[in-house]
>>> print(open('my_file13.cif').read())   # mmCIF, C-alpha atoms
data_final
#
loop_
_atom_site.label_atom_id
_atom_site.label_comp_id
_atom_site.auth_asym_id
_atom_site.auth_seq_id
_atom_site.Cartn_x
_atom_site.Cartn_y
_atom_site.Cartn_z
CA MET K 1 45.24 8.44 -62.81
CA ALA K 2 42.13 7.44 -64.69
CA SER K 3 44.09 4.67 -66.40
CA GLU K 4 45.42 3.35 -63.08
CA ALA K 5 41.93 3.39 -61.56
CA SER K 6 40.61 1.53 -64.57
CA ASN K 7 43.35 -1.11 -64.26
CA GLU K 8 42.65 -1.55 -60.54
CA ALA K 9 38.95 -1.98 -61.21
CA SER K 10 39.71 -4.49 -63.93
CA ASN K 11 42.04 -6.45 -61.63
CA GLU K 12 39.44 -6.47 -58.85
CA ALA K 13 36.78 -7.69 -61.25
CA SER K 14 39.09 -10.43 -62.54
CA SER K 15 40.00 -11.45 -58.99
CA GLY K 16 36.33 -11.56 -58.07
CA THR K 17 35.54 -13.73 -61.08
CA ILE K 18 38.32 -16.18 -60.19
CA SER K 19 37.19 -16.32 -56.57
CA ALA K 20 33.60 -16.97 -57.59
CA HIS K 21 34.73 -19.73 -59.97
CA LEU K 22 36.90 -21.40 -57.31
CA LYS K 23 34.05 -21.21 -54.82
CA ALA K 24 31.69 -22.85 -57.32
CA VAL K 25 34.28 -25.59 -58.03
CA TRP K 26 34.67 -26.21 -54.31
CA GLU K 27 30.90 -26.51 -53.87
CA ARG K 28 30.70 -29.04 -56.70
CA VAL K 29 33.58 -31.05 -55.20
CA ILE K 30 31.86 -31.11 -51.79
CA PHE K 31 28.56 -32.06 -53.43
CA GLU K 32 30.25 -35.03 -55.13
CA ALA K 33 32.02 -35.90 -51.87
CA VAL K 34 28.61 -36.11 -50.16
CA LEU K 35 27.55 -38.60 -52.84
CA VAL K 36 30.67 -40.68 -52.20
CA ILE K 37 30.26 -40.61 -48.42
CA SER K 38 26.58 -41.48 -48.66
CA GLY K 39 27.31 -44.55 -50.74
CA TRP K 40 30.76 -45.41 -49.43
CA PRO K 41 30.09 -49.09 -48.44
CA TRP K 42 29.23 -50.16 -51.99
CA ILE K 43 31.88 -47.96 -53.55
CA PHE K 44 34.49 -49.36 -51.14
CA VAL K 45 33.52 -52.94 -52.02
CA LYS K 46 33.81 -52.23 -55.74
CA VAL K 47 37.19 -50.49 -55.39
CA LEU K 48 38.50 -53.29 -53.15
CA PHE K 49 37.38 -55.91 -55.65
CA ALA K 50 38.86 -54.12 -58.67
CA ALA K 51 42.10 -53.06 -56.99
CA TYR K 52 42.84 -56.11 -54.83
CA VAL K 53 40.85 -59.23 -55.71
CA VAL K 54 41.28 -58.80 -59.47
CA GLN K 55 44.94 -57.77 -59.32
CA LEU K 56 46.27 -60.23 -56.73
CA PRO K 57 44.31 -63.44 -55.95
CA PHE K 58 42.75 -63.79 -59.41
CA ARG K 59 45.98 -63.23 -61.34
CA ASN K 60 48.11 -65.21 -58.89
CA LEU K 61 45.80 -68.21 -59.23
CA ALA K 62 46.29 -67.99 -62.98
CA TYR K 63 50.08 -67.96 -62.50
CA PHE K 64 49.83 -70.89 -60.07
CA ARG K 65 48.10 -72.99 -62.74
CA HIS K 66 50.27 -71.83 -65.64
CA GLN K 67 52.68 -74.24 -67.32
CA SER K 68 55.45 -73.15 -69.67
CA ARG K 69 54.84 -74.71 -73.07
CA ALA K 70 55.43 -73.84 -76.69
CA THR K 71 53.59 -70.74 -77.88
CA LEU K 72 50.37 -71.50 -79.74
CA LYS K 73 50.05 -70.81 -83.46
CA ASP K 74 48.65 -67.29 -83.74
CA LEU K 75 47.60 -65.22 -86.74
CA GLY K 76 48.57 -61.94 -85.10
CA PHE K 77 52.05 -63.23 -84.29
CA GLU K 78 52.49 -64.16 -87.94
CA TRP K 79 51.52 -60.69 -89.13
CA ILE K 80 52.99 -58.46 -86.39
CA PRO K 81 56.70 -58.81 -85.52
CA GLU K 82 57.67 -59.17 -81.87
CA MET K 83 58.55 -55.97 -80.08
CA ARG K 84 61.95 -55.58 -78.44
CA GLU K 85 61.92 -55.90 -74.66
CA GLU K 86 63.14 -52.33 -74.21
CA ASP K 87 60.26 -50.97 -76.33
CA LYS K 88 57.40 -52.52 -74.37
CA TRP K 89 56.93 -49.29 -72.43
CA ILE K 90 55.18 -47.90 -75.52
CA SER K 91 52.17 -50.17 -74.95
CA GLU K 92 51.95 -49.12 -71.31
CA LEU K 93 52.27 -45.45 -72.27
CA VAL K 94 49.25 -45.74 -74.58
CA LEU K 95 47.26 -47.35 -71.75
CA GLN K 96 48.26 -44.71 -69.20
CA THR K 97 47.55 -41.85 -71.62
CA LEU K 98 44.06 -43.14 -72.36
CA HIS K 99 43.29 -43.64 -68.68
CA THR K 100 44.58 -40.14 -67.88
CA ILE K 101 42.13 -38.70 -70.41
CA GLY K 102 39.36 -40.86 -68.95
CA VAL K 103 40.06 -39.70 -65.39
CA PHE K 104 40.05 -36.09 -66.63
CA ALA K 105 36.57 -36.70 -68.07
CA LEU K 106 35.42 -38.05 -64.69
CA ILE K 107 36.50 -34.88 -62.87
CA VAL K 108 35.04 -32.48 -65.44
CA PRO K 109 31.84 -32.32 -63.31
CA TRP K 110 34.02 -30.81 -60.57
CA LEU K 111 35.49 -28.14 -62.83
CA SER K 112 32.48 -27.12 -64.93
CA PRO K 113 28.83 -26.51 -64.02
CA TYR K 114 27.73 -27.89 -67.39
CA PRO K 115 27.66 -31.64 -66.45
CA HIS K 116 25.73 -31.00 -63.22
CA SER K 117 23.19 -28.96 -65.15
CA ASN K 118 22.65 -32.13 -67.23
CA ASN K 119 22.31 -34.34 -64.13
CA ILE K 120 25.74 -35.88 -64.81
CA PHE K 121 27.97 -36.42 -61.78
CA GLY K 122 31.53 -37.72 -61.50
CA VAL K 123 30.46 -40.30 -58.92
CA HIS K 124 27.76 -41.53 -61.29
CA LEU K 125 30.25 -42.05 -64.12
CA ALA K 126 32.92 -43.58 -61.87
CA GLU K 127 30.42 -46.13 -60.56
CA LYS K 128 29.42 -47.10 -64.09
CA TRP K 129 33.09 -47.67 -64.87
CA LEU K 130 33.62 -49.67 -61.67
CA ASP K 131 30.53 -51.79 -62.36
CA CYS K 132 31.84 -52.71 -65.81
CA LEU K 133 35.34 -53.44 -64.49
CA CYS K 134 34.02 -55.68 -61.71
CA VAL K 135 31.75 -57.66 -64.03
CA GLY K 136 34.28 -57.80 -66.88
CA HIS K 137 37.21 -58.92 -64.76
CA THR K 138 35.06 -61.53 -63.05
CA LEU K 139 34.18 -62.96 -66.47
CA ARG K 140 37.85 -62.71 -67.41
CA PHE K 141 38.88 -64.69 -64.32
CA PHE K 142 36.44 -67.51 -65.02
CA THR K 143 37.67 -67.60 -68.62
CA TYR K 144 41.42 -67.77 -68.04
CA ILE K 145 41.20 -70.00 -64.97
CA SER K 146 39.08 -72.54 -66.86
CA THR K 147 41.71 -73.24 -69.52
CA SER K 148 45.34 -72.32 -68.88
CA LEU K 149 47.05 -71.33 -72.12
CA PRO K 150 50.85 -71.21 -72.44
CA GLY K 151 51.97 -67.60 -72.02
CA PRO K 152 53.42 -66.03 -75.19
CA ALA K 153 55.57 -63.50 -73.32
CA LYS K 154 59.30 -64.20 -73.13
CA HIS K 155 59.29 -64.59 -69.36
CA CYS K 156 56.57 -67.29 -69.63
CA ARG K 157 58.16 -69.43 -72.35
CA PRO K 158 60.06 -72.70 -71.78
CA GLY K 159 63.60 -72.07 -70.57
CA ALA K 160 62.87 -68.69 -68.98
CA PRO K 161 63.76 -68.61 -65.26
CA GLN K 162 60.85 -66.41 -64.22
CA PRO K 163 57.92 -68.88 -64.39
CA GLU K 164 59.33 -71.18 -61.71
CA GLN K 165 61.27 -68.55 -59.77
CA TYR K 166 58.30 -66.27 -59.08
CA ARG K 167 55.37 -68.68 -59.30
CA PRO K 168 53.14 -68.40 -56.18
CA THR K 169 53.10 -71.75 -54.39
CA SER K 170 51.22 -71.07 -51.15
CA LEU K 171 47.92 -69.51 -50.13
CA SER K 172 49.67 -66.52 -48.57
CA GLU K 173 51.60 -65.87 -51.79
CA ILE K 174 48.41 -66.15 -53.85
CA LEU K 175 46.76 -63.57 -51.60
CA THR K 176 49.69 -61.14 -51.31
CA ARG K 177 52.14 -61.49 -54.24
CA GLN K 178 52.40 -58.37 -56.41
CA THR K 179 53.97 -58.13 -59.85
CA LYS K 180 56.93 -55.77 -59.96
CA GLY K 181 60.21 -55.52 -61.85
CA GLU K 182 61.21 -58.90 -63.28
CA ASP K 183 58.46 -60.61 -61.28
CA ARG K 184 55.72 -60.49 -63.91
CA ASN K 185 52.61 -62.57 -64.38
CA CYS K 186 51.77 -65.56 -66.58
CA GLY K 187 48.50 -67.31 -67.35
CA ASP K 188 45.96 -64.48 -67.19
CA LEU K 189 45.34 -64.41 -70.93
CA VAL K 190 41.80 -64.77 -72.28
CA PHE K 191 40.86 -62.03 -72.53
CA SER K 192 42.95 -58.85 -72.63
CA GLY K 193 42.26 -56.66 -69.61
CA HIS K 194 44.06 -53.72 -71.24
CA VAL K 195 41.83 -53.73 -74.31
CA PHE K 196 38.68 -54.39 -72.27
CA GLN K 197 39.32 -51.43 -69.97
CA ASN K 198 40.20 -49.15 -72.87
CA ILE K 199 36.99 -49.96 -74.73
CA ILE K 200 34.78 -49.54 -71.64
CA LEU K 201 36.34 -46.17 -70.82
CA SER K 202 36.04 -45.02 -74.44
CA ILE K 203 32.37 -46.07 -74.59
CA LEU K 204 31.66 -44.29 -71.30
CA VAL K 205 33.20 -40.97 -72.36
CA THR K 206 31.72 -41.16 -75.87
CA THR K 207 28.22 -41.84 -74.49
CA TYR K 208 28.27 -38.85 -72.16
CA ALA K 209 30.51 -36.46 -74.12
CA HIS K 210 27.58 -34.23 -75.14
CA LYS K 211 26.57 -33.85 -71.48
CA LEU K 212 30.10 -33.61 -70.11
CA PHE K 213 31.79 -31.06 -72.36
CA GLN K 214 30.30 -27.65 -72.99
CA TRP K 215 32.67 -26.97 -75.90
CA ARG K 216 31.56 -28.83 -79.02
CA TRP K 217 35.07 -29.52 -80.28
CA PHE K 218 35.83 -31.29 -76.97
CA ARG K 219 32.84 -33.58 -77.58
CA VAL K 220 34.51 -34.71 -80.81
CA PHE K 221 38.23 -34.45 -80.02
CA ILE K 222 38.22 -36.36 -76.70
CA PRO K 223 36.28 -39.45 -77.93
CA ILE K 224 38.24 -39.60 -81.21
CA THR K 225 41.53 -39.44 -79.30
CA MET K 226 40.44 -42.19 -76.91
CA TRP K 227 39.24 -44.49 -79.70
CA GLY K 228 42.47 -43.85 -81.61
CA LEU K 229 44.51 -44.90 -78.58
CA THR K 230 42.25 -47.93 -78.04
CA ILE K 231 42.77 -49.09 -81.63
CA ALA K 232 46.53 -48.49 -81.38
CA GLN K 233 46.72 -50.55 -78.18
CA ALA K 234 45.59 -53.80 -79.82
CA PRO K 235 48.56 -54.35 -82.20
CA LEU K 236 50.95 -53.09 -79.53
CA VAL K 237 49.71 -55.73 -77.07
CA ILE K 238 50.18 -58.41 -79.72
CA SER K 239 53.60 -57.10 -80.69
CA ALA K 240 54.69 -57.12 -77.05
CA ARG K 241 53.46 -60.75 -76.90
CA ASN K 242 51.46 -59.96 -73.79
CA HIS K 243 48.40 -61.67 -75.29
CA TYR K 244 47.30 -63.89 -78.14
CA THR K 245 45.10 -62.44 -80.88
CA VAL K 246 42.11 -64.35 -79.50
CA ASP K 247 42.47 -62.35 -76.26
CA ILE K 248 42.03 -59.13 -78.23
CA VAL K 249 39.13 -60.46 -80.30
CA VAL K 250 37.18 -61.61 -77.23
CA ALA K 251 37.75 -58.28 -75.45
CA VAL K 252 36.56 -56.34 -78.51
CA TYR K 253 33.13 -57.98 -78.61
CA LEU K 254 32.71 -58.65 -74.89
CA ALA K 255 33.32 -55.08 -73.65
CA PRO K 256 30.37 -53.57 -75.57
CA LEU K 257 28.16 -56.48 -74.48
CA VAL K 258 29.01 -55.87 -70.81
CA TRP K 259 28.28 -52.17 -71.25
CA ILE K 260 24.94 -52.82 -72.94
CA ALA K 261 23.97 -55.41 -70.32
CA LEU K 262 24.64 -53.04 -67.44
CA GLU K 263 23.02 -50.07 -69.17
CA ARG K 264 19.89 -51.80 -70.43
CA PHE K 265 19.20 -54.68 -68.04
CA TYR K 266 20.96 -53.86 -64.79
CA VAL K 267 19.42 -51.34 -62.39
CA SER K 268 21.62 -50.12 -59.54
CA GLU K 269 19.44 -50.08 -56.43
CA HIS K 270 22.41 -48.56 -54.63
CA PHE K 271 22.37 -45.46 -56.78
CA ARG K 272 18.60 -45.14 -56.45
CA ALA K 273 18.98 -45.22 -52.66
CA LEU K 274 22.01 -42.94 -52.80
CA VAL K 275 20.05 -40.19 -54.59
CA LYS K 276 17.29 -40.38 -51.97
CA ILE K 277 19.78 -40.26 -49.08
CA VAL K 278 21.68 -37.27 -50.43
CA ARG K 279 18.65 -34.97 -50.63
CA PRO K 280 18.19 -34.45 -46.85
CA LEU K 281 21.99 -34.35 -46.34
CA ARG K 282 22.47 -31.52 -48.83
CA PRO K 283 24.19 -28.60 -47.03
CA LYS K 284 22.53 -25.19 -47.01
CA TRP K 285 25.40 -23.64 -48.94
CA THR K 286 24.60 -25.87 -51.90
CA ALA K 287 21.39 -23.96 -52.48
CA SER K 288 22.59 -23.25 -56.01
CA TYR K 289 22.10 -26.99 -56.66
CA LYS K 290 18.59 -27.10 -55.22
CA HIS K 291 16.93 -27.26 -58.61
CA ILE K 292 19.33 -29.95 -59.88
CA ALA K 293 19.21 -32.13 -56.77
CA ASP K 294 15.45 -31.86 -56.38
CA THR K 295 14.81 -32.77 -60.00
CA ILE K 296 17.08 -35.83 -60.10
CA GLU K 297 15.01 -38.76 -61.24
CA CYS K 298 16.18 -42.28 -60.53
CA ASP K 299 15.87 -43.18 -64.20
CA THR K 300 18.06 -40.28 -65.31
CA ALA K 301 20.63 -41.09 -62.66
CA LEU K 302 21.22 -44.53 -64.08
#
>>> encode(input="my_file13.cif", output="structure tokens")
Amino acid sequence: MASEASNEASNEASSGTISAHLKAVWERVIFEAVLVISGWPWIFVKVLFAAYVVQLPFRNLAYFRHQSRATLKDLGFEWIPEMREEDKWISELVLQTLHTIGVFALIVPWLSPYPHSNNIFGVHLAEKWLDCLCVGHTLRFFTYISTSLPGPAKHCRPGAPQPEQYRPTSLSEILTRQTKGEDRNCGDLVFSGHVFQNIILSILVTTYAHKLFQWRWFRVFIPITMWGLTIAQAPLVISARNHYTVDIVVAVYLAPLVWIALERFYVSEHFRALVKIVRPLRPKWTASYKHIADTIECDTAL
């Protein structure tokens, strides 16, 4: 009987601990949701730009201007053999794996109280990422639209049916055409968006790893894994003939420069205003965050 009573007490204690943890997670999620709602106009603009403008009009304009010509002489192509068409999924798998790890890092502030105790919020990190993507892809557009290089991918080379078959030829197609299946893009080359995004995400997580992850081995393992995937992506992109080597080289030095520029010289007035707006909107049941929210300084939020 004593053993059964002890087991019941243990189960109740465990259930209570789980309930308390889930309640705390829910409060953190709602707290972050308040941040999103408070700053939704700017966040919406950034998401719209990164998800629509960059992916459709920008890339379709590049395809519209692209002309199929002989592939340029490239050092990477001479050193790295071309990947078989059926193996190109490997490059995409590396990209998706790295981004999955990055998204996990962005939601850690929901799951653990440790980031919030360090004034680190998922919305804060996501906006930094969006800022870099918007600036980087704008620079990328001006670069590849200025000089149209012949695409090295098989579907962009002379004799391939795809360049003329799927090329956007009207304003409506430029604004609405999406790449899918055999309908792939040509012309958006300098510089590599894959490598740029990988480096930015790796820099972001590495910079804040000590404030994101309470476990020390996570602070080392996660960044090392992301940088390993980022390094592996470069030769895979070249092997798949998705980009020239120059596209990789430019992305490698431009991504850190964009990060440094936004971190050191750019001040987000939106986030300053957002922090001020959230304080009076904070619900009563987030009293456990009173100390954190009241001590947020604009400088530490950036």
>>> resolve_selection(input="my_file13.cif", expression="the PyMOL selection byres ((chain K and resi 222-235) around 9)", output="MDAnalysis selection string")
chainID K and resid 76 80 91:92 94:95 97:99 101:102 105 194:195 198:199 201:203 205:206 209 217:221 236:240 245 248
>>> resolve_selection(input="my_file13.cif", expression="the PyMOL selection byres ((chain K and resi 130-147) around 10)", output="ChimeraX atom specification")
/K:43,46-51,53-55,58-59,61-66,125-129,148-150,187-193,196-197,200-201,247,250-251,254-263,268
>>> atom_distance(input="my_file13.cif", atom1="atom CA of Gln67 of chain K", atom2="atom CA of Tyr253 of chain K")
27.8 Å
>>> closest_atom_pairs(input="my_file13.cif", of="segment 174-280 of chain K", to="segment 151-157 of chain K", cutoff="6 Å", atoms="only C-alpha atoms", output="JSON lines")
{"residue": "K:Cys186", "atom": "CA", "partner": "K:Gly151", "partner_atom": "CA", "distance": 5.8}
{"residue": "K:Gly187", "atom": "CA", "partner": "K:Gly151", "partner_atom": "CA", "distance": 5.8}
{"residue": "K:Arg241", "atom": "CA", "partner": "K:Ala153", "partner_atom": "CA", "distance": 5.0}
{"residue": "K:Asn242", "atom": "CA", "partner": "K:Ala153", "partner_atom": "CA", "distance": 5.4}
>>> atom_distance(input="my_file13.cif", atom1="atom CA of Trp40 of chain K", atom2="atom CA of Glu27 of chain K")
19.4 Å
>>> atom_distance(input="my_file13.cif", atom1="atom CA of Leu106 of chain K", atom2="atom CA of Trp215 of chain K")
16.0 Å
>>> closest_residue(input="my_file13.cif", among="K:Thr207, K:Tyr244, K:Asp87, K:Glu32", to="Leu111 of chain K", atoms="only C-alpha atoms")
K:Glu32
>>> resolve_selection(input="my_file13.cif", expression="the PyMOL selection byres ((chain K and resi 177) around 9)", output="count of residues only")
11
>>> residues_near_point(input="my_file13.cif", point="(38.1, -32.3, -65.0)", cutoff="12 Å", atoms="all atoms listed in the file", output="list in words")
Val25, Arg28, Val29, Thr100, Ile101, Gly102, Val103, Phe104, Ala105, Leu106, Ile107, Val108, Pro109, Trp110, Leu111, Ser112, Pro113, Tyr114, Pro115, Phe121, Gly122, Leu212 and Phe213 of chain K
